[in-house]
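Raw contents of input22.txt, compact mmCIF, N, CA and C atoms:
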# COMPACT_ATOMS: atom_id res chain seq x y z
N SER A 787 -32.99 -28.27 17.79
CA SER A 787 -34.30 -27.63 17.66
C SER A 787 -35.42 -28.51 18.15
N SER A 788 -35.14 -29.82 18.31
CA SER A 788 -36.19 -30.71 18.80
C SER A 788 -36.48 -30.44 20.27
N GLY A 789 -35.45 -29.95 21.02
CA GLY A 789 -35.64 -29.65 22.43
C GLY A 789 -36.61 -28.51 22.66
N ILE A 790 -36.53 -27.50 21.81
CA ILE A 790 -37.43 -26.35 21.99
C ILE A 790 -38.87 -26.72 21.61
N ASN A 791 -39.02 -27.62 20.62
CA ASN A 791 -40.37 -28.04 20.25
C ASN A 791 -41.00 -28.89 21.35
N ALA A 792 -40.17 -29.70 22.03
CA ALA A 792 -40.71 -30.55 23.10
C ALA A 792 -41.15 -29.71 24.29
N GLU A 793 -40.39 -28.64 24.60
CA GLU A 793 -40.73 -27.82 25.76
C GLU A 793 -41.86 -26.83 25.47
N TYR A 794 -41.84 -26.25 24.30
CA TYR A 794 -42.78 -25.17 24.00
C TYR A 794 -43.92 -25.58 23.07
N GLY A 795 -43.82 -26.77 22.46
CA GLY A 795 -44.83 -27.14 21.49
C GLY A 795 -44.49 -26.51 20.16
N ASP A 796 -45.52 -26.26 19.35
CA ASP A 796 -45.30 -25.67 18.04
C ASP A 796 -44.97 -24.19 18.19
N LEU A 797 -43.96 -23.70 17.45
CA LEU A 797 -43.50 -22.32 17.57
C LEU A 797 -44.55 -21.31 17.11
N ARG A 798 -45.40 -21.71 16.16
CA ARG A 798 -46.35 -20.76 15.60
C ARG A 798 -47.48 -20.41 16.57
N SER A 799 -47.74 -21.26 17.53
CA SER A 799 -48.89 -21.03 18.40
C SER A 799 -48.52 -20.71 19.85
N THR A 800 -47.25 -20.80 20.19
CA THR A 800 -46.85 -20.65 21.59
C THR A 800 -46.25 -19.28 21.84
N THR A 801 -46.56 -18.71 23.00
CA THR A 801 -45.90 -17.49 23.42
C THR A 801 -44.88 -17.84 24.49
N TYR A 802 -43.74 -17.16 24.47
CA TYR A 802 -42.64 -17.50 25.37
C TYR A 802 -42.70 -16.77 26.70
N HIS A 803 -43.36 -15.62 26.78
CA HIS A 803 -43.27 -14.81 27.99
C HIS A 803 -43.84 -15.50 29.22
N ALA A 804 -44.77 -16.43 29.05
CA ALA A 804 -45.32 -17.13 30.21
C ALA A 804 -44.27 -18.04 30.83
N VAL A 805 -43.41 -18.62 30.01
CA VAL A 805 -42.39 -19.53 30.50
C VAL A 805 -41.19 -18.75 31.05
N MET A 806 -40.82 -17.65 30.38
CA MET A 806 -39.60 -16.92 30.71
C MET A 806 -39.90 -15.71 31.58
N ALA A 807 -40.55 -15.91 32.71
CA ALA A 807 -40.91 -14.79 33.59
C ALA A 807 -39.78 -14.53 34.57
N ILE A 808 -38.71 -13.90 34.08
CA ILE A 808 -37.57 -13.56 34.93
C ILE A 808 -37.81 -12.16 35.47
N ARG A 809 -37.77 -12.02 36.77
CA ARG A 809 -38.05 -10.73 37.40
C ARG A 809 -36.76 -9.93 37.55
N PRO A 810 -36.86 -8.61 37.48
CA PRO A 810 -35.66 -7.79 37.70
C PRO A 810 -35.20 -7.84 39.14
N LEU A 811 -33.93 -7.54 39.36
CA LEU A 811 -33.34 -7.60 40.70
C LEU A 811 -33.99 -6.58 41.63
N HIS A 812 -34.13 -5.37 41.16
CA HIS A 812 -34.84 -4.33 41.93
C HIS A 812 -35.55 -3.42 40.93
N THR A 813 -36.68 -2.90 41.33
CA THR A 813 -37.45 -2.01 40.46
C THR A 813 -37.62 -0.67 41.15
N PRO A 814 -36.66 0.23 41.00
CA PRO A 814 -36.82 1.55 41.60
C PRO A 814 -37.90 2.34 40.88
N LYS A 815 -38.52 3.25 41.59
CA LYS A 815 -39.57 4.07 41.00
C LYS A 815 -38.94 5.05 40.01
N VAL A 816 -39.41 4.99 38.76
CA VAL A 816 -38.88 5.87 37.71
C VAL A 816 -39.69 7.16 37.72
N VAL A 817 -39.01 8.28 37.92
CA VAL A 817 -39.67 9.58 37.95
C VAL A 817 -39.29 10.34 36.68
N LYS A 818 -40.30 10.67 35.89
CA LYS A 818 -40.08 11.47 34.69
C LYS A 818 -40.36 12.92 35.03
N LYS A 819 -39.38 13.79 34.84
CA LYS A 819 -39.56 15.19 35.20
C LYS A 819 -40.36 15.94 34.15
N HIS A 820 -40.35 15.44 32.93
CA HIS A 820 -41.11 16.09 31.85
C HIS A 820 -41.58 14.99 30.91
N THR A 821 -42.90 14.78 30.82
CA THR A 821 -43.42 13.68 30.02
C THR A 821 -43.94 14.13 28.67
N LYS A 822 -44.29 15.40 28.54
CA LYS A 822 -44.80 15.87 27.25
C LYS A 822 -43.65 16.04 26.26
N GLN A 823 -44.02 16.03 24.99
CA GLN A 823 -43.02 16.24 23.94
C GLN A 823 -42.61 17.71 23.91
N TRP A 824 -41.33 17.96 23.67
CA TRP A 824 -40.85 19.33 23.55
C TRP A 824 -41.25 19.87 22.19
N LEU A 825 -42.03 20.96 22.17
CA LEU A 825 -42.52 21.51 20.91
C LEU A 825 -41.73 22.77 20.54
N ARG A 826 -41.55 22.94 19.25
CA ARG A 826 -40.84 24.11 18.75
C ARG A 826 -41.69 25.36 18.93
N HIS A 827 -41.06 26.45 19.31
CA HIS A 827 -41.76 27.72 19.49
C HIS A 827 -42.39 28.16 18.17
N HIS A 828 -43.66 28.54 18.21
CA HIS A 828 -44.45 28.99 17.06
C HIS A 828 -44.78 27.88 16.07
N SER A 829 -44.56 26.61 16.42
CA SER A 829 -44.93 25.54 15.49
C SER A 829 -46.45 25.42 15.37
N ASP A 830 -47.19 25.93 16.38
CA ASP A 830 -48.64 25.94 16.28
C ASP A 830 -49.14 27.10 15.42
N ARG A 831 -48.33 28.10 15.25
CA ARG A 831 -48.74 29.30 14.51
C ARG A 831 -48.46 29.18 13.02
N TYR A 832 -47.31 28.60 12.67
CA TYR A 832 -46.90 28.52 11.27
C TYR A 832 -46.74 27.06 10.84
N LYS A 833 -47.41 26.71 9.75
CA LYS A 833 -47.36 25.33 9.28
C LYS A 833 -45.98 24.96 8.73
N ARG A 834 -45.24 25.95 8.24
CA ARG A 834 -43.92 25.67 7.66
C ARG A 834 -42.90 25.25 8.73
N LEU A 835 -43.20 25.52 10.00
CA LEU A 835 -42.32 25.09 11.08
C LEU A 835 -42.78 23.73 11.58
N GLY A 836 -41.88 22.77 11.58
CA GLY A 836 -42.23 21.46 12.12
C GLY A 836 -42.33 21.51 13.63
N GLN A 837 -42.89 20.47 14.23
CA GLN A 837 -43.06 20.45 15.68
C GLN A 837 -41.79 20.02 16.41
N LYS A 838 -40.84 19.43 15.70
CA LYS A 838 -39.61 18.95 16.34
C LYS A 838 -38.84 20.12 16.97
N TRP A 839 -38.33 19.89 18.16
CA TRP A 839 -37.70 20.96 18.93
C TRP A 839 -36.50 21.57 18.22
N ARG A 840 -36.48 22.89 18.19
CA ARG A 840 -35.32 23.66 17.75
C ARG A 840 -35.13 24.78 18.76
N LYS A 841 -33.90 25.02 19.17
CA LYS A 841 -33.64 26.08 20.15
C LYS A 841 -33.86 27.44 19.51
N PRO A 842 -34.63 28.32 20.15
CA PRO A 842 -34.82 29.66 19.60
C PRO A 842 -33.52 30.47 19.71
N LYS A 843 -33.19 31.18 18.63
CA LYS A 843 -31.91 31.88 18.57
C LYS A 843 -32.07 33.40 18.39
N GLY A 844 -33.30 33.87 18.29
CA GLY A 844 -33.50 35.29 18.02
C GLY A 844 -33.08 36.19 19.17
N ILE A 845 -32.68 37.43 18.85
CA ILE A 845 -32.20 38.34 19.89
C ILE A 845 -33.32 38.81 20.81
N ASP A 846 -34.54 38.86 20.30
CA ASP A 846 -35.67 39.31 21.11
C ASP A 846 -36.59 38.17 21.53
N ASN A 847 -36.21 36.94 21.27
CA ASN A 847 -37.11 35.82 21.49
C ASN A 847 -37.42 35.65 22.98
N ARG A 848 -38.72 35.63 23.28
CA ARG A 848 -39.14 35.57 24.69
C ARG A 848 -39.00 34.17 25.29
N VAL A 849 -39.02 33.13 24.47
CA VAL A 849 -38.79 31.78 24.99
C VAL A 849 -37.32 31.63 25.39
N ARG A 850 -36.42 32.10 24.52
CA ARG A 850 -34.99 32.03 24.82
C ARG A 850 -34.64 32.84 26.05
N ARG A 851 -35.33 33.98 26.23
CA ARG A 851 -35.06 34.84 27.38
C ARG A 851 -35.81 34.39 28.64
N ARG A 852 -36.59 33.32 28.53
CA ARG A 852 -37.30 32.69 29.65
C ARG A 852 -38.28 33.62 30.33
N PHE A 853 -39.09 34.29 29.54
CA PHE A 853 -40.14 35.14 30.11
C PHE A 853 -41.22 34.28 30.76
N LYS A 854 -41.86 34.86 31.78
CA LYS A 854 -42.92 34.16 32.50
C LYS A 854 -44.09 33.88 31.55
N GLY A 855 -44.64 32.69 31.63
CA GLY A 855 -45.80 32.33 30.82
C GLY A 855 -45.47 31.74 29.46
N GLN A 856 -44.20 31.67 29.10
CA GLN A 856 -43.81 31.10 27.81
C GLN A 856 -43.51 29.61 27.98
N ILE A 857 -43.39 28.93 26.83
CA ILE A 857 -43.07 27.50 26.91
C ILE A 857 -41.66 27.32 27.45
N ARG A 858 -41.43 26.18 28.07
CA ARG A 858 -40.12 25.88 28.65
C ARG A 858 -39.19 25.32 27.58
N MET A 859 -37.91 25.54 27.78
CA MET A 859 -36.91 24.95 26.91
C MET A 859 -36.31 23.72 27.60
N PRO A 860 -35.94 22.69 26.84
CA PRO A 860 -35.28 21.56 27.46
C PRO A 860 -33.93 21.96 28.02
N LYS A 861 -33.60 21.43 29.19
CA LYS A 861 -32.30 21.69 29.79
C LYS A 861 -31.87 20.47 30.60
N ILE A 862 -30.66 20.49 31.07
CA ILE A 862 -30.07 19.32 31.71
C ILE A 862 -30.82 18.90 32.97
N GLY A 863 -31.50 19.81 33.61
CA GLY A 863 -32.23 19.50 34.84
C GLY A 863 -33.41 18.57 34.64
N TYR A 864 -33.89 18.45 33.38
CA TYR A 864 -35.00 17.54 33.10
C TYR A 864 -34.53 16.11 32.87
N GLY A 865 -33.24 15.86 32.96
CA GLY A 865 -32.72 14.51 32.72
C GLY A 865 -33.16 13.52 33.79
N SER A 866 -33.07 12.25 33.45
CA SER A 866 -33.48 11.19 34.36
C SER A 866 -32.42 10.93 35.42
N CYS A 867 -32.85 10.37 36.53
CA CYS A 867 -31.94 9.95 37.59
C CYS A 867 -31.00 8.88 37.05
N LYS A 868 -29.75 8.91 37.48
CA LYS A 868 -28.75 7.98 36.94
C LYS A 868 -29.12 6.53 37.22
N ARG A 869 -29.74 6.27 38.37
CA ARG A 869 -30.11 4.89 38.72
C ARG A 869 -31.23 4.34 37.85
N THR A 870 -32.14 5.22 37.42
CA THR A 870 -33.30 4.75 36.68
C THR A 870 -33.24 5.07 35.19
N LYS A 871 -32.13 5.64 34.73
CA LYS A 871 -32.01 5.99 33.31
C LYS A 871 -31.98 4.74 32.45
N HIS A 872 -32.68 4.76 31.34
CA HIS A 872 -32.76 3.68 30.34
C HIS A 872 -33.51 2.45 30.84
N ILE A 873 -34.19 2.52 31.98
CA ILE A 873 -34.96 1.37 32.47
C ILE A 873 -36.33 1.40 31.79
N HIS A 874 -36.71 0.27 31.22
CA HIS A 874 -37.99 0.14 30.54
C HIS A 874 -39.08 -0.24 31.55
N PRO A 875 -40.34 -0.14 31.14
CA PRO A 875 -41.43 -0.47 32.08
C PRO A 875 -41.38 -1.90 32.64
N ASP A 876 -40.70 -2.82 31.94
CA ASP A 876 -40.59 -4.19 32.48
C ASP A 876 -39.54 -4.28 33.58
N GLY A 877 -38.79 -3.19 33.85
CA GLY A 877 -37.82 -3.17 34.93
C GLY A 877 -36.40 -3.49 34.50
N PHE A 878 -36.18 -3.74 33.22
CA PHE A 878 -34.86 -4.11 32.71
C PHE A 878 -34.32 -3.03 31.78
N LYS A 879 -32.99 -3.01 31.64
CA LYS A 879 -32.35 -2.23 30.59
C LYS A 879 -32.22 -3.15 29.38
N HIS A 880 -32.58 -2.67 28.20
CA HIS A 880 -32.61 -3.52 27.02
C HIS A 880 -31.30 -3.42 26.25
N VAL A 881 -30.82 -4.58 25.78
CA VAL A 881 -29.59 -4.68 25.00
C VAL A 881 -29.91 -5.39 23.70
N LEU A 882 -29.50 -4.82 22.57
CA LEU A 882 -29.78 -5.40 21.26
C LEU A 882 -28.84 -6.57 21.00
N ILE A 883 -29.41 -7.70 20.58
CA ILE A 883 -28.67 -8.94 20.38
C ILE A 883 -28.79 -9.36 18.91
N HIS A 884 -27.66 -9.76 18.30
CA HIS A 884 -27.67 -10.25 16.92
C HIS A 884 -27.30 -11.73 16.82
N ASN A 885 -26.60 -12.26 17.83
CA ASN A 885 -26.19 -13.66 17.78
C ASN A 885 -26.01 -14.19 19.21
N ILE A 886 -25.69 -15.48 19.30
CA ILE A 886 -25.58 -16.13 20.62
C ILE A 886 -24.38 -15.60 21.39
N LYS A 887 -23.32 -15.23 20.69
CA LYS A 887 -22.12 -14.72 21.36
C LYS A 887 -22.44 -13.41 22.10
N GLU A 888 -23.24 -12.55 21.48
CA GLU A 888 -23.63 -11.31 22.14
C GLU A 888 -24.57 -11.59 23.30
N LEU A 889 -25.36 -12.65 23.20
CA LEU A 889 -26.27 -13.02 24.28
C LEU A 889 -25.50 -13.45 25.53
N GLU A 890 -24.39 -14.15 25.35
CA GLU A 890 -23.63 -14.67 26.49
C GLU A 890 -22.94 -13.57 27.29
N VAL A 891 -22.85 -12.36 26.71
CA VAL A 891 -22.31 -11.22 27.46
C VAL A 891 -23.24 -10.87 28.63
N LEU A 892 -24.53 -11.14 28.47
CA LEU A 892 -25.52 -10.81 29.48
C LEU A 892 -25.65 -11.85 30.59
N MET A 893 -24.80 -12.86 30.57
CA MET A 893 -24.94 -13.95 31.54
C MET A 893 -24.87 -13.46 32.98
N MET A 894 -23.96 -12.55 33.29
CA MET A 894 -23.81 -12.06 34.66
C MET A 894 -24.76 -10.92 34.99
N GLN A 895 -25.38 -10.31 33.98
CA GLN A 895 -26.31 -9.20 34.22
C GLN A 895 -27.75 -9.59 33.91
N HIS A 896 -28.08 -10.87 34.04
CA HIS A 896 -29.41 -11.32 33.61
C HIS A 896 -30.54 -10.80 34.50
N ARG A 897 -30.24 -10.25 35.68
CA ARG A 897 -31.30 -9.70 36.53
C ARG A 897 -31.50 -8.21 36.33
N THR A 898 -30.60 -7.55 35.61
CA THR A 898 -30.73 -6.12 35.37
C THR A 898 -30.91 -5.78 33.89
N HIS A 899 -30.45 -6.64 32.99
CA HIS A 899 -30.52 -6.38 31.56
C HIS A 899 -31.33 -7.46 30.87
N ALA A 900 -32.11 -7.06 29.88
CA ALA A 900 -32.88 -8.00 29.07
C ALA A 900 -32.41 -7.89 27.62
N ALA A 901 -32.46 -8.99 26.90
CA ALA A 901 -32.03 -9.02 25.51
C ALA A 901 -33.19 -8.69 24.59
N VAL A 902 -32.89 -7.94 23.54
CA VAL A 902 -33.85 -7.67 22.47
C VAL A 902 -33.24 -8.23 21.20
N VAL A 903 -33.89 -9.25 20.62
CA VAL A 903 -33.35 -9.87 19.42
C VAL A 903 -33.60 -8.93 18.25
N SER A 904 -32.54 -8.66 17.48
CA SER A 904 -32.62 -7.71 16.38
C SER A 904 -33.60 -8.18 15.32
N ALA A 905 -34.19 -7.24 14.62
CA ALA A 905 -35.15 -7.56 13.56
C ALA A 905 -34.48 -8.19 12.36
N THR A 906 -33.16 -8.06 12.25
CA THR A 906 -32.44 -8.59 11.09
C THR A 906 -32.02 -10.05 11.28
N VAL A 907 -32.31 -10.64 12.43
CA VAL A 907 -31.92 -12.03 12.69
C VAL A 907 -32.93 -12.97 12.04
N ALA A 908 -32.41 -13.98 11.34
CA ALA A 908 -33.27 -14.95 10.65
C ALA A 908 -34.03 -15.81 11.66
N ARG A 909 -35.10 -16.43 11.19
CA ARG A 909 -35.99 -17.17 12.10
C ARG A 909 -35.28 -18.35 12.76
N HIS A 910 -34.49 -19.13 11.98
CA HIS A 910 -33.83 -20.30 12.58
C HIS A 910 -32.76 -19.88 13.58
N ASN A 911 -32.09 -18.76 13.35
CA ASN A 911 -31.13 -18.26 14.34
C ASN A 911 -31.84 -17.70 15.57
N ARG A 912 -33.00 -17.11 15.35
CA ARG A 912 -33.80 -16.57 16.46
C ARG A 912 -34.22 -17.69 17.41
N VAL A 913 -34.58 -18.83 16.86
CA VAL A 913 -34.97 -19.98 17.68
C VAL A 913 -33.79 -20.46 18.52
N LYS A 914 -32.59 -20.47 17.92
CA LYS A 914 -31.40 -20.89 18.67
C LYS A 914 -31.09 -19.90 19.80
N ILE A 915 -31.26 -18.61 19.52
CA ILE A 915 -31.01 -17.60 20.55
C ILE A 915 -32.00 -17.75 21.70
N LEU A 916 -33.27 -18.01 21.39
CA LEU A 916 -34.29 -18.19 22.43
C LEU A 916 -33.99 -19.42 23.28
N GLU A 917 -33.54 -20.47 22.63
CA GLU A 917 -33.22 -21.71 23.34
C GLU A 917 -32.05 -21.48 24.31
N ARG A 918 -31.01 -20.79 23.83
CA ARG A 918 -29.84 -20.52 24.67
C ARG A 918 -30.18 -19.56 25.82
N ALA A 919 -31.06 -18.59 25.55
CA ALA A 919 -31.47 -17.64 26.59
C ALA A 919 -32.23 -18.36 27.70
N LYS A 920 -33.02 -19.35 27.32
CA LYS A 920 -33.75 -20.11 28.34
C LYS A 920 -32.78 -20.90 29.22
N GLN A 921 -31.74 -21.45 28.63
CA GLN A 921 -30.74 -22.20 29.39
C GLN A 921 -30.00 -21.29 30.38
N MET A 922 -29.70 -20.05 29.95
CA MET A 922 -28.95 -19.12 30.80
C MET A 922 -29.86 -18.24 31.64
N SER A 923 -31.17 -18.46 31.56
CA SER A 923 -32.21 -17.68 32.27
C SER A 923 -32.03 -16.17 32.04
N ILE A 924 -31.95 -15.81 30.76
CA ILE A 924 -31.90 -14.40 30.34
C ILE A 924 -33.25 -14.04 29.76
N ARG A 925 -33.78 -12.91 30.18
CA ARG A 925 -35.08 -12.48 29.68
C ARG A 925 -34.94 -11.92 28.27
N ILE A 926 -35.84 -12.33 27.39
CA ILE A 926 -35.91 -11.80 26.03
C ILE A 926 -37.13 -10.86 25.99
N ALA A 927 -36.89 -9.62 25.62
CA ALA A 927 -37.97 -8.63 25.65
C ALA A 927 -38.96 -8.84 24.50
N ASN A 928 -38.51 -9.39 23.38
CA ASN A 928 -39.40 -9.64 22.24
C ASN A 928 -39.33 -11.10 21.81
N PRO A 929 -39.81 -12.02 22.64
CA PRO A 929 -39.61 -13.44 22.33
C PRO A 929 -40.43 -13.95 21.14
N ASN A 930 -41.54 -13.31 20.84
CA ASN A 930 -42.40 -13.82 19.77
C ASN A 930 -42.18 -13.13 18.44
N ALA A 931 -41.33 -12.13 18.39
CA ALA A 931 -41.12 -11.37 17.16
C ALA A 931 -40.42 -12.24 16.13
N GLY A 932 -40.96 -12.26 14.92
CA GLY A 932 -40.34 -12.98 13.82
C GLY A 932 -40.54 -14.48 13.83
N LEU A 933 -41.36 -15.01 14.73
CA LEU A 933 -41.58 -16.45 14.80
C LEU A 933 -42.89 -16.88 14.16
N LYS A 934 -43.85 -15.98 14.08
CA LYS A 934 -45.15 -16.34 13.52
C LYS A 934 -45.11 -16.25 12.00
N THR A 935 -45.79 -17.18 11.34
CA THR A 935 -45.80 -17.16 9.88
C THR A 935 -47.13 -16.70 9.35

Can you present the structure in this file as structure tokens?
Amino acid sequence: SSGINAEYGDLRSTTYHAVMAIRPLHTPKVVKKHTKQWLRHHSDRYKRLGQKWRKPKGIDNRVRRRFKGQIRMPKIGYGSCKRTKHIHPDGFKHVLIHNIKELEVLMMQHRTHAAVVSATVARHNRVKILERAKQMSIRIANPNAGLKT
């Protein structure tokens, strides 16, 4: 732990993202076909209906029958492109990490995948994971989480 203090200074005042600026291998343009939230039919009319999407099942329902001028239903065509699916705005796919062994799985994919240290990891283990990630040049998406007191 003395090595990380020498390189980064005090943990409570230092941010890691300036040091660990690993760029993604390629950043394809992510196209979202539908950005608004899917709303349940008649959720604006009746308070007892939540806004969370539910497929309309009624025999006369005009949304289910896809009448002109009605709200759209989610369907497979609104899915993301396979190349850009699960890519975050930083250009990486995020993988949840709980220990150093799980971090070493990302060694060969360090230009396409970034590690996210789990919220359940203790502070002293988090410091060890950050130190090892710096050695293997793996990007940590949340480097400062859980380090400030």

Considering only strand (DSSP E) as DSSP defines it on the backbone, what residues of stretch 831-923 of chain A qualify? List them as number ranges by chain. A: 879-883, 899-903

Just the number, please: distance in Å from atom CA of A:Leu882 to atom CA of A:Val902, one decimal. 4.8 Å

Just how far from atom CA of A:Glu888 is atom CA of A:His910, in Å to one decimal?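 Straight-line distance from atom CA of A:His910 to atom CA of A:Glu888 works out to 16.6 Å.
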
Option closest in space to A:Val817, from A:Ala901, A:Leu916, A:Cys867, A:Val891 [counting all atoms listed in the file]: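 Checking each of A:Ala901, A:Leu916, A:Cys867, A:Val891 against A:Val817, counting all atoms listed in the file, the winner is A:Cys867.
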
Which residue is closest to A:Ser923? Choose from A:Lys868, A:Arg809, A:Arg840, A:Arg852 and count only C-alpha atoms.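 Ranked by minimum distance to A:Ser923, first place goes to A:Arg809.
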
To one decimal place, how far is atom C of A:Arg869 from atom CA of A:Leu889 in Å?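 For atom C of A:Arg869 relative to atom CA of A:Leu889, the distance reads 22.6 Å.
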
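Using only C-alpha atoms for every distance, the candidate list A:Gln837, A:Thr821, A:Ser904, A:Asn928 yields A:Thr821 as the residue closest to A:Gly865.
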
Pick out each residue of stretch 796-925 of chain A that DSSP on the backbone tags as alpha helix (DSSP H); I need them as a list in words.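 Those in stretch 796-925 of chain A that DSSP calls alpha helix (DSSP H) are Ile886, Lys887, Glu888, Leu889, Arg909, His910, Asn911, Arg912, Val913, Lys914, Ile915, Leu916, Glu917, Arg918, Ala919, Lys920, Gln921 and Met922 of chain A.
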
Counting only C-alpha atoms, what is within 9 Å of A:Met859, bar same-chain residues fewer than 2 positions away, as a list of chain:residue names?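 What passes the distance filter is A:Trp824, A:Leu825, A:Trp839, A:Lys841, A:Pro842, A:Val849, A:Arg850, A:Arg852, A:Ile857, A:Lys861.
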
Generate the output file for the selected residues, N, CA and C atoms, as a compact mmCIF listing (two decimals), keeping the file's coordinate frame.
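Result file is selection.txt:
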# COMPACT_ATOMS: atom_id res chain seq x y z
N TRP A 824 -41.33 17.96 23.67
CA TRP A 824 -40.85 19.33 23.55
C TRP A 824 -41.25 19.87 22.19
N LEU A 825 -42.03 20.96 22.17
CA LEU A 825 -42.52 21.51 20.91
C LEU A 825 -41.73 22.77 20.54
N TRP A 839 -38.33 19.89 18.16
CA TRP A 839 -37.70 20.96 18.93
C TRP A 839 -36.50 21.57 18.22
N LYS A 841 -33.90 25.02 19.17
CA LYS A 841 -33.64 26.08 20.15
C LYS A 841 -33.86 27.44 19.51
N PRO A 842 -34.63 28.32 20.15
CA PRO A 842 -34.82 29.66 19.60
C PRO A 842 -33.52 30.47 19.71
N VAL A 849 -39.02 33.13 24.47
CA VAL A 849 -38.79 31.78 24.99
C VAL A 849 -37.32 31.63 25.39
N ARG A 850 -36.42 32.10 24.52
CA ARG A 850 -34.99 32.03 24.82
C ARG A 850 -34.64 32.84 26.05
N ARG A 852 -36.59 33.32 28.53
CA ARG A 852 -37.30 32.69 29.65
C ARG A 852 -38.28 33.62 30.33
N ILE A 857 -43.39 28.93 26.83
CA ILE A 857 -43.07 27.50 26.91
C ILE A 857 -41.66 27.32 27.45
N LYS A 861 -33.60 21.43 29.19
CA LYS A 861 -32.30 21.69 29.79
C LYS A 861 -31.87 20.47 30.60

Need to verify the contact set: A:Ile886, 8 Å, all atoms listed in the file, exclusion of same-chain residues closer than 4 positions in sequence. Can you return it as number ranges by chain? A: 890-891, 911, 914-916, 918-919

Go ahead and dump the residues you just picked, N, CA and C atoms, as a PDB file, keeping the file's coordinate frame.
ATOM      1  N   GLU A 890     -24.390 -14.150  25.350  1.00  0.00           N
ATOM      2  CA  GLU A 890     -23.630 -14.670  26.490  1.00  0.00           C
ATOM      3  C   GLU A 890     -22.940 -13.570  27.290  1.00  0.00           C
ATOM      4  N   VAL A 891     -22.850 -12.360  26.710  1.00  0.00           N
ATOM      5  CA  VAL A 891     -22.310 -11.220  27.460  1.00  0.00           C
ATOM      6  C   VAL A 891     -23.240 -10.870  28.630  1.00  0.00           C
ATOM      7  N   ASN A 911     -32.090 -18.760  13.350  1.00  0.00           N
ATOM      8  CA  ASN A 911     -31.130 -18.260  14.340  1.00  0.00           C
ATOM      9  C   ASN A 911     -31.840 -17.700  15.570  1.00  0.00           C
ATOM     10  N   LYS A 914     -32.590 -20.470  17.920  1.00  0.00           N
ATOM     11  CA  LYS A 914     -31.400 -20.890  18.670  1.00  0.00           C
ATOM     12  C   LYS A 914     -31.090 -19.900  19.800  1.00  0.00           C
ATOM     13  N   ILE A 915     -31.260 -18.610  19.520  1.00  0.00           N
ATOM     14  CA  ILE A 915     -31.010 -17.600  20.550  1.00  0.00           C
ATOM     15  C   ILE A 915     -32.000 -17.750  21.700  1.00  0.00           C
ATOM     16  N   LEU A 916     -33.270 -18.010  21.390  1.00  0.00           N
ATOM     17  CA  LEU A 916     -34.290 -18.190  22.430  1.00  0.00           C
ATOM     18  C   LEU A 916     -33.990 -19.420  23.280  1.00  0.00           C
ATOM     19  N   ARG A 918     -31.010 -20.790  23.830  1.00  0.00           N
ATOM     20  CA  ARG A 918     -29.840 -20.520  24.670  1.00  0.00           C
ATOM     21  C   ARG A 918     -30.180 -19.560  25.820  1.00  0.00           C
ATOM     22  N   ALA A 919     -31.060 -18.590  25.550  1.00  0.00           N
ATOM     23  CA  ALA A 919     -31.470 -17.640  26.590  1.00  0.00           C
ATOM     24  C   ALA A 919     -32.230 -18.360  27.700  1.00  0.00           C
TER      25      ALA A 919
END

Would you please work out which residue, of A:Lys838, A:Arg925, A:Arg848, A:His820, is nearest to A:Val881 when using only C-alpha atoms?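 Residue with the minimum atom-to-atom distance to A:Val881: A:Arg925.
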
What lies within 8 Å of A:Gly836 using only N, CA and C atoms, ignoring chain neighbours under 5 positions off, as number ranges by chain? A: 825-830

N, CA and C atoms of the current selection, written as an mmCIF file, in the frame of the given file:
data_model
loop_
_atom_site.group_PDB
_atom_site.id
_atom_site.type_symbol
_atom_site.label_atom_id
_atom_site.label_comp_id
_atom_site.auth_asym_id
_atom_site.auth_seq_id
_atom_site.Cartn_x
_atom_site.Cartn_y
_atom_site.Cartn_z
ATOM 1 N N LEU A 825 -42.030 20.960 22.170
ATOM 2 C CA LEU A 825 -42.520 21.510 20.910
ATOM 3 C C LEU A 825 -41.730 22.770 20.540
ATOM 4 N N ARG A 826 -41.550 22.940 19.250
ATOM 5 C CA ARG A 826 -40.840 24.110 18.750
ATOM 6 C C ARG A 826 -41.690 25.360 18.930
ATOM 7 N N HIS A 827 -41.060 26.450 19.310
ATOM 8 C CA HIS A 827 -41.760 27.720 19.490
ATOM 9 C C HIS A 827 -42.390 28.160 18.170
ATOM 10 N N HIS A 828 -43.660 28.540 18.210
ATOM 11 C CA HIS A 828 -44.450 28.990 17.060
ATOM 12 C C HIS A 828 -44.780 27.880 16.070
ATOM 13 N N SER A 829 -44.560 26.610 16.420
ATOM 14 C CA SER A 829 -44.930 25.540 15.490
ATOM 15 C C SER A 829 -46.450 25.420 15.370
ATOM 16 N N ASP A 830 -47.190 25.930 16.380
ATOM 17 C CA ASP A 830 -48.640 25.940 16.280
ATOM 18 C C ASP A 830 -49.140 27.100 15.420
#

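For the residues A:Lys854, A:Met922, A:Ala931, A:Lys871, ranking by smallest atom-to-atom distance to A:Val816 using only N, CA and C atoms places A:Lys871 first.
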
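Of the listed residues (A:Gly877, A:Arg897, A:Val907, A:Gly844), A:Gly877 comes nearest to A:Thr813; the distances count only N, CA and C atoms.
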